[in-house]
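Undergrad: Next up, target.txt (compact mmCIF, C-alpha atoms).
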```txt
# COMPACT_ATOMS: atom_id res chain seq x y z
CA MET A 1 65.52 169.96 126.47
CA SER A 2 64.50 170.45 122.85
CA MET A 3 66.06 168.53 119.99
CA LYS A 4 69.38 170.01 118.89
CA ALA A 5 69.70 171.82 115.61
CA VAL A 6 71.07 169.59 112.87
CA ILE A 7 73.40 170.88 110.16
CA PHE A 8 73.59 168.51 107.21
CA ASP A 9 76.12 168.16 104.45
CA LEU A 10 74.35 167.61 101.12
CA ASP A 11 76.30 165.46 98.63
CA GLY A 12 76.83 161.96 100.00
CA THR A 13 74.77 162.69 103.12
CA LEU A 14 71.26 163.69 102.09
CA LEU A 15 71.51 163.20 98.33
CA ASN A 16 73.35 160.75 96.12
CA THR A 17 74.57 163.25 93.54
CA LEU A 18 77.54 161.29 92.26
CA GLN A 19 76.16 160.22 88.87
CA ASP A 20 75.22 163.78 87.92
CA LEU A 21 78.52 165.24 89.16
CA ALA A 22 80.40 162.65 87.10
CA GLY A 23 78.21 163.34 84.07
CA SER A 24 78.91 167.06 84.14
CA THR A 25 82.60 166.51 84.87
CA ASN A 26 82.99 164.25 81.86
CA ALA A 27 80.86 166.43 79.59
CA ALA A 28 83.21 169.34 80.30
CA LEU A 29 86.36 167.25 79.92
CA GLU A 30 85.26 165.67 76.66
CA GLN A 31 84.16 169.02 75.21
CA PHE A 32 87.79 170.13 75.41
CA GLY A 33 89.35 166.84 74.35
CA TYR A 34 90.33 165.46 77.75
CA PRO A 35 89.68 161.83 78.73
CA PRO A 36 86.69 161.05 80.95
CA ARG A 37 86.95 159.95 84.56
CA THR A 38 85.37 156.89 86.16
CA LEU A 39 82.62 157.11 88.74
CA ASP A 40 85.01 155.98 91.48
CA GLU A 41 87.55 158.60 90.46
CA VAL A 42 84.94 161.35 90.66
CA ARG A 43 83.82 159.98 94.03
CA SER A 44 87.36 160.51 95.32
CA PHE A 45 87.53 164.03 93.86
CA VAL A 46 84.41 165.48 95.50
CA GLY A 47 84.10 167.21 98.86
CA ASN A 48 86.14 170.39 98.53
CA GLY A 49 83.95 172.21 96.02
CA VAL A 50 83.51 171.88 92.27
CA ARG A 51 86.49 174.01 91.35
CA LEU A 52 88.83 171.58 93.07
CA LEU A 53 86.82 168.71 91.61
CA MET A 54 87.71 169.93 88.13
CA LEU A 55 91.36 170.51 89.03
CA ARG A 56 91.55 166.91 90.26
CA ALA A 57 89.69 165.62 87.20
CA LEU A 58 92.33 167.29 85.02
CA GLY A 59 95.14 165.96 87.19
CA ILE A 60 96.53 169.42 87.96
CA GLU A 61 97.17 171.37 91.15
CA LYS A 62 96.29 174.91 90.10
CA PRO A 63 94.37 176.58 87.26
CA GLU A 64 97.56 177.96 85.72
CA ASP A 65 98.64 174.37 84.94
CA CYS A 66 95.97 174.10 82.23
CA PRO A 67 95.36 176.95 79.76
CA ASP A 68 91.80 175.71 79.19
CA PHE A 69 90.90 175.45 82.86
CA GLU A 70 88.54 178.42 83.22
CA ASP A 71 86.69 177.44 80.05
CA ILE A 72 86.41 173.82 81.22
CA PHE A 73 85.17 174.93 84.62
CA ALA A 74 82.59 177.21 82.98
CA ALA A 75 81.46 174.28 80.82
CA PHE A 76 81.05 172.14 83.93
CA ARG A 77 78.98 174.80 85.66
CA ALA A 78 76.77 175.32 82.61
CA HIS A 79 76.17 171.58 82.19
CA TYR A 80 75.52 170.98 85.88
CA ALA A 81 73.06 173.87 86.06
CA VAL A 82 70.88 171.93 83.61
CA HIS A 83 71.66 168.35 84.66
CA SER A 84 72.06 168.51 88.45
CA ASN A 85 68.93 166.44 89.00
CA ASP A 86 69.05 163.87 86.18
CA SER A 87 69.98 160.90 88.39
CA THR A 88 70.22 162.50 91.83
CA CYS A 89 68.03 161.07 94.59
CA ALA A 90 67.69 161.13 98.36
CA TYR A 91 69.32 158.24 100.16
CA PRO A 92 66.95 155.62 101.63
CA GLY A 93 65.64 156.67 105.01
CA ILE A 94 66.53 160.35 104.68
CA GLU A 95 63.00 161.66 104.28
CA GLU A 96 61.84 159.67 107.30
CA LEU A 97 64.74 161.08 109.34
CA LEU A 98 63.83 164.63 108.35
CA LYS A 99 60.15 164.03 109.16
CA LYS A 100 61.06 162.82 112.65
CA LEU A 101 63.42 165.72 113.26
CA LYS A 102 60.81 168.23 112.15
CA ALA A 103 58.20 166.63 114.39
CA ALA A 104 60.66 166.85 117.29
CA GLY A 105 61.16 170.56 116.66
CA ALA A 106 64.75 170.35 115.46
CA PRO A 107 65.91 173.34 113.38
CA MET A 108 67.68 172.05 110.25
CA ALA A 109 70.03 173.47 107.64
CA ILE A 110 72.22 172.34 104.76
CA VAL A 111 75.79 173.55 104.31
CA SER A 112 77.63 172.39 101.21
CA ASN A 113 80.65 173.09 99.06
CA LYS A 114 78.42 172.67 96.04
CA LEU A 115 77.69 175.96 94.24
CA ASP A 116 75.12 177.97 96.17
CA PRO A 117 72.45 178.13 93.42
CA ALA A 118 72.54 174.33 93.01
CA VAL A 119 72.28 173.80 96.78
CA LYS A 120 69.22 176.03 97.01
CA GLN A 121 67.66 174.44 93.92
CA LEU A 122 68.11 170.88 95.19
CA ASN A 123 66.83 171.79 98.63
CA GLU A 124 63.76 173.31 97.02
CA ILE A 125 63.16 170.12 95.03
CA TYR A 126 63.74 167.59 97.80
CA PHE A 127 63.64 169.05 101.29
CA LYS A 128 61.73 172.35 101.35
CA ASP A 129 59.09 170.85 103.66
CA TYR A 130 61.75 170.18 106.30
CA ILE A 131 64.80 172.38 105.80
CA SER A 132 64.52 176.16 105.73
CA VAL A 133 68.19 177.14 105.36
CA ALA A 134 70.46 175.93 102.54
CA ILE A 135 73.90 177.46 102.01
CA GLY A 136 76.38 176.55 99.31
CA GLU A 137 79.79 177.73 98.13
CA ASN A 138 79.88 181.49 97.64
CA GLU A 139 83.45 182.57 98.30
CA ALA A 140 82.97 185.53 95.97
CA ALA A 141 80.80 186.98 98.76
CA GLY A 142 83.57 186.47 101.27
CA VAL A 143 82.21 183.30 102.89
CA LYS A 144 84.92 180.65 103.01
CA LYS A 145 83.92 177.15 101.99
CA LYS A 146 84.25 174.09 104.21
CA PRO A 147 86.30 173.03 106.14
CA ALA A 148 86.25 176.66 107.27
CA PRO A 149 83.32 177.05 109.70
CA ASP A 150 81.87 180.10 107.92
CA THR A 151 78.92 178.37 106.25
CA VAL A 152 78.05 176.51 109.46
CA TYR A 153 78.05 179.74 111.43
CA ALA A 154 75.97 181.44 108.74
CA ALA A 155 73.42 178.63 108.93
CA LEU A 156 73.28 178.79 112.72
CA ARG A 157 72.70 182.54 112.57
CA GLU A 158 69.79 182.06 110.19
CA LEU A 159 68.37 179.39 112.49
CA HIS A 160 68.95 181.60 115.56
CA VAL A 161 70.83 178.75 117.25
CA SER A 162 74.16 178.78 119.09
CA PRO A 163 76.92 176.27 118.22
CA GLU A 164 76.44 174.68 121.64
CA GLN A 165 72.97 173.58 120.57
CA ALA A 166 73.94 172.03 117.22
CA VAL A 167 75.34 168.87 115.69
CA TYR A 168 76.79 168.29 112.23
CA VAL A 169 76.03 165.31 109.99
CA GLY A 170 78.34 164.51 107.07
CA ASP A 171 80.00 161.77 105.07
CA SER A 172 83.58 162.94 104.49
CA GLU A 173 86.84 164.05 106.02
CA VAL A 174 85.93 167.61 105.00
CA ASP A 175 82.84 167.35 107.20
CA ILE A 176 84.85 166.05 110.15
CA ALA A 177 87.23 169.00 109.84
CA THR A 178 84.35 171.46 109.37
CA ALA A 179 82.61 170.32 112.54
CA LYS A 180 85.87 170.49 114.46
CA ASN A 181 86.55 174.01 113.21
CA ALA A 182 83.01 175.05 114.18
CA ASN A 183 83.44 173.37 117.57
CA ILE A 184 80.33 171.20 117.23
CA PRO A 185 79.99 167.38 117.34
CA CYS A 186 80.22 165.48 114.06
CA MET A 187 78.07 162.48 113.22
CA SER A 188 79.91 160.67 110.41
CA VAL A 189 77.74 158.58 108.07
CA THR A 190 78.93 155.62 106.02
CA TRP A 191 76.36 155.52 103.21
CA GLY A 192 77.97 158.36 101.22
CA PHE A 193 81.17 158.98 99.27
CA ARG A 194 83.71 157.69 101.85
CA ASP A 195 83.99 154.27 103.48
CA ARG A 196 84.34 153.41 107.17
CA ALA A 197 88.11 152.92 107.08
CA TRP A 198 88.67 156.27 105.37
CA LEU A 199 86.46 158.09 107.86
CA THR A 200 88.12 156.44 110.84
CA ASP A 201 91.57 157.26 109.48
CA HIS A 202 90.48 160.90 109.16
CA GLY A 203 89.25 161.32 112.70
CA ALA A 204 85.65 160.09 112.76
CA GLN A 205 84.61 159.54 116.38
CA VAL A 206 81.33 157.70 115.87
CA LEU A 207 80.02 156.14 112.66
CA TYR A 208 76.38 155.75 111.64
CA ASP A 209 75.33 153.27 108.98
CA THR A 210 71.71 154.36 108.49
CA PRO A 211 69.58 157.49 108.92
CA GLU A 212 67.62 155.56 111.55
CA GLN A 213 70.78 155.25 113.64
CA VAL A 214 71.29 159.01 113.37
CA TRP A 215 67.75 159.59 114.60
CA ASN A 216 68.13 157.15 117.49
CA ALA A 217 71.33 158.85 118.65
CA LEU A 218 69.79 162.31 118.48
CA ALA A 219 66.62 161.20 120.26
CA GLU A 220 68.64 159.45 122.96
CA GLY A 221 70.71 162.59 123.45
CA MET A 222 67.54 164.62 123.90
CA GLU A 223 66.12 162.17 126.46
CA GLY A 224 69.40 162.16 128.35
CA HIS A 225 68.97 165.78 129.44
```
For this file, produce the structure as structure tokens.
TA:
Amino acid sequence: MSMKAVIFDLDGTLLNTLQDLAGSTNAALEQFGYPPRTLDEVRSFVGNGVRLLMLRALGIEKPEDCPDFEDIFAAFRAHYAVHSNDSTCAYPGIEELLKKLKAAGAPMAIVSNKLDPAVKQLNEIYFKDYISVAIGENEAAGVKKKPAPDTVYAALRELHVSPEQAVYVGDSEVDIATAKNANIPCMSVTWGFRDRAWLTDHGAQVLYDTPEQVWNALAEGMEGH
């Protein structure tokens, strides 16, 4: 049996993007006279897309609660388009994991709630030698963001792989729900934006502390068939 296809989340799984997300969040807030947020606050806000990130950063539930919201969100997008790679970096061990998966013949894709242009740009910078499909948030095109399974299914179609031959790797409760909705196994990792207790409380079945552990589990699964 060949290695299963692997669908990766991006932020908190492959890349540590937190510093740049916080920088753009605070640049937008401060431009309109709102107080900045701490790194830990931004960490807790991410996962459901940048629009909800900015709602949470403003402490509101819907755009109508803040007359400046659309302008603030536009300021965030403009800032992040320029600064999405100022401090961002791949987590230790990620490149080695991707090398091993590629050598084993595993099709790979990224699905993210980050804006689609940023997802494609960061994949081009960091992972183009390994990952051929990168899909971000594009609800304007009718593709629902995670935890809806739409982006996962879109990635699998591009890889020409069925859900039965795929696994999902992510660091958050959104990823757990996404994998469940797509009916594929979820490998929850602990090096990202959520800790072990949070992941367990939100339904994580198995936790992985390093990319090497992810590789070992995938390789063992391949050998077991």
Undergrad: Env of Val152 (chain A): 8 Å cut, atoms = all atoms listed in the file, seq-sep filter 6 positions within chain, self excluded. Answer as a PyMOL selection string.
TA: chain A and resi 7+111+182
Undergrad: To one decimal in Å, tell me the separation between CA of Asn181 (chain A) and CA of Lys144 (chain A).
TA: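 It comes out at 12.3 Å.
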Undergrad: Skipping near chain neighbours, those fewer than 3 positions away, what residues fall within 6 Å of Thr88 (chain A) using all atoms listed in the file, listed as a JSON list (two decimals) with C-alpha atoms, in the coordinates of the input?
TA:
```json
[["chain", "number", "residue", "atom", "x", "y", "z"],
["A", 16, "ASN", "CA", 73.35, 160.75, 96.12],
["A", 17, "THR", "CA", 74.57, 163.25, 93.54],
["A", 85, "ASN", "CA", 68.93, 166.44, 89.00]]
```
Undergrad: Measuring atom to atom with only C-alpha atoms, identify which of A:Gln205, A:Phe45, A:Ala219, A:Ala75 is nearest to Gln31 (chain A).
TA: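 Between A:Gln205, A:Phe45, A:Ala219, A:Ala75, the residue approaching Gln31 (chain A) most closely is A:Ala75.
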Undergrad: So for region 74-87 of chain A, what box centre and size do we get, axis-aligned, 6 Å extra on each of the six sides, every listed atom, Å to one decimal, as JSON?
TA:
```
{"center_x": 75.8, "center_y": 169.1, "center_z": 84.9, "size_x": 25.7, "size_y": 28.3, "size_z": 20.2}
```
Undergrad: Rank A:Ala90, A:Ala74, A:Ile60, A:Ala81 by their smallest atom-to-atom distance to Gly12 (chain A), using only C-alpha atoms, and report the top residue only.
TA: A:Ala90
Undergrad: Quick one: of A:Thr13, A:Ser132, A:Gln121, A:Gln19, who's nearest to Asp175 (chain A), counting only C-alpha atoms?
TA: A:Thr13
Undergrad: How many Å lie between CA of Trp191 (chain A) and CA of Glu96 (chain A), rounded to one decimal?
TA: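 Here the two named atoms are 15.6 Å from each other.
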Undergrad: Quick one, how far is CA of Pro185 (chain A) from CA of Gly142 (chain A)?
TA: 25.2 Å
Undergrad: Ranking A:Ala118, A:Ala141, A:Val6, A:Ala197 by minimum distance to Leu21 (chain A) and counting only C-alpha atoms, which one comes first?
TA: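 Residue with the minimum atom-to-atom distance to Leu21 (chain A): A:Ala118.
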Undergrad: Counting only C-alpha atoms, which residues have an atom no more than 10 Å from (74.7, 159.2, 103.8) in the file's coordinates? Please list them as a ChimeraX atom specification.
TA: /A:8-16,90-94,169-172,188-194,208-211
Undergrad: Could you check which residues have any atom within 10 Å of (77.5, 178.5, 92.3), counting all atoms listed in the file with coordinates taken straight from the file, and then list them as a count of residues only?
TA: 17
Undergrad: Nearest residue to Pro149 (chain A) out of A:Glu61, A:Ile176, A:Met54, A:Gln165, using all atoms listed in the file?
TA: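 Of the candidates, the smallest distance to Pro149 (chain A) is held by A:Ile176.
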Undergrad: When distances are computed from all atoms listed in the file, which of A:Ser162, A:Leu18, A:Tyr153, A:Arg56 shows the smallest separation from Leu39 (chain A)?
TA: A:Leu18
Undergrad: Please rebuild region 141-155 of chain A with N, CA, C and O atoms and give the result as a CSV table (one decimal), in the coordinates of the input.
TA:
```csv
chain,number,residue,atom,x,y,z
A,141,ALA,N,81.4,186.1,97.8
A,141,ALA,CA,80.8,187.0,98.8
A,141,ALA,C,81.6,187.0,100.1
A,141,ALA,O,81.1,187.6,101.0
A,142,GLY,N,82.7,186.4,100.1
A,142,GLY,CA,83.6,186.5,101.3
A,142,GLY,C,83.3,185.4,102.3
A,142,GLY,O,83.8,185.5,103.4
A,143,VAL,N,82.5,184.4,102.0
A,143,VAL,CA,82.2,183.3,102.9
A,143,VAL,C,83.1,182.1,102.5
A,143,VAL,O,82.9,181.5,101.4
A,144,LYS,N,84.0,181.7,103.3
A,144,LYS,CA,84.9,180.6,103.0
A,144,LYS,C,84.2,179.3,103.0
A,144,LYS,O,83.3,179.1,103.8
A,145,LYS,N,84.6,178.5,102.1
A,145,LYS,CA,83.9,177.2,102.0
A,145,LYS,C,84.5,176.2,103.1
A,145,LYS,O,85.5,176.5,103.7
A,146,LYS,N,83.8,175.1,103.3
A,146,LYS,CA,84.2,174.1,104.2
A,146,LYS,C,85.6,173.6,103.8
A,146,LYS,O,85.9,173.5,102.6
A,147,PRO,N,86.5,173.3,104.7
A,147,PRO,CA,86.3,173.0,106.1
A,147,PRO,C,86.3,174.3,107.0
A,147,PRO,O,86.3,174.1,108.3
A,148,ALA,N,86.4,175.5,106.4
A,148,ALA,CA,86.2,176.7,107.3
A,148,ALA,C,84.8,176.6,107.9
A,148,ALA,O,83.9,176.1,107.2
A,149,PRO,N,84.6,177.1,109.0
A,149,PRO,CA,83.3,177.0,109.7
A,149,PRO,C,82.3,178.1,109.2
A,149,PRO,O,81.2,178.1,109.7
A,150,ASP,N,82.7,178.9,108.3
A,150,ASP,CA,81.9,180.1,107.9
A,150,ASP,C,80.4,179.7,107.6
A,150,ASP,O,79.5,180.4,108.0
A,151,THR,N,80.3,178.7,106.7
A,151,THR,CA,78.9,178.4,106.2
A,151,THR,C,78.1,177.8,107.4
A,151,THR,O,76.9,178.0,107.5
A,152,VAL,N,78.8,177.0,108.3
A,152,VAL,CA,78.0,176.5,109.5
A,152,VAL,C,77.6,177.7,110.3
A,152,VAL,O,76.4,177.7,110.8
A,153,TYR,N,78.4,178.6,110.6
A,153,TYR,CA,78.0,179.7,111.4
A,153,TYR,C,76.9,180.6,110.8
A,153,TYR,O,76.0,181.0,111.4
A,154,ALA,N,77.0,180.7,109.5
A,154,ALA,CA,76.0,181.4,108.7
A,154,ALA,C,74.6,180.7,108.9
A,154,ALA,O,73.6,181.4,109.1
A,155,ALA,N,74.6,179.4,108.8
A,155,ALA,CA,73.4,178.6,108.9
A,155,ALA,C,72.9,178.8,110.3
A,155,ALA,O,71.6,178.9,110.5
```
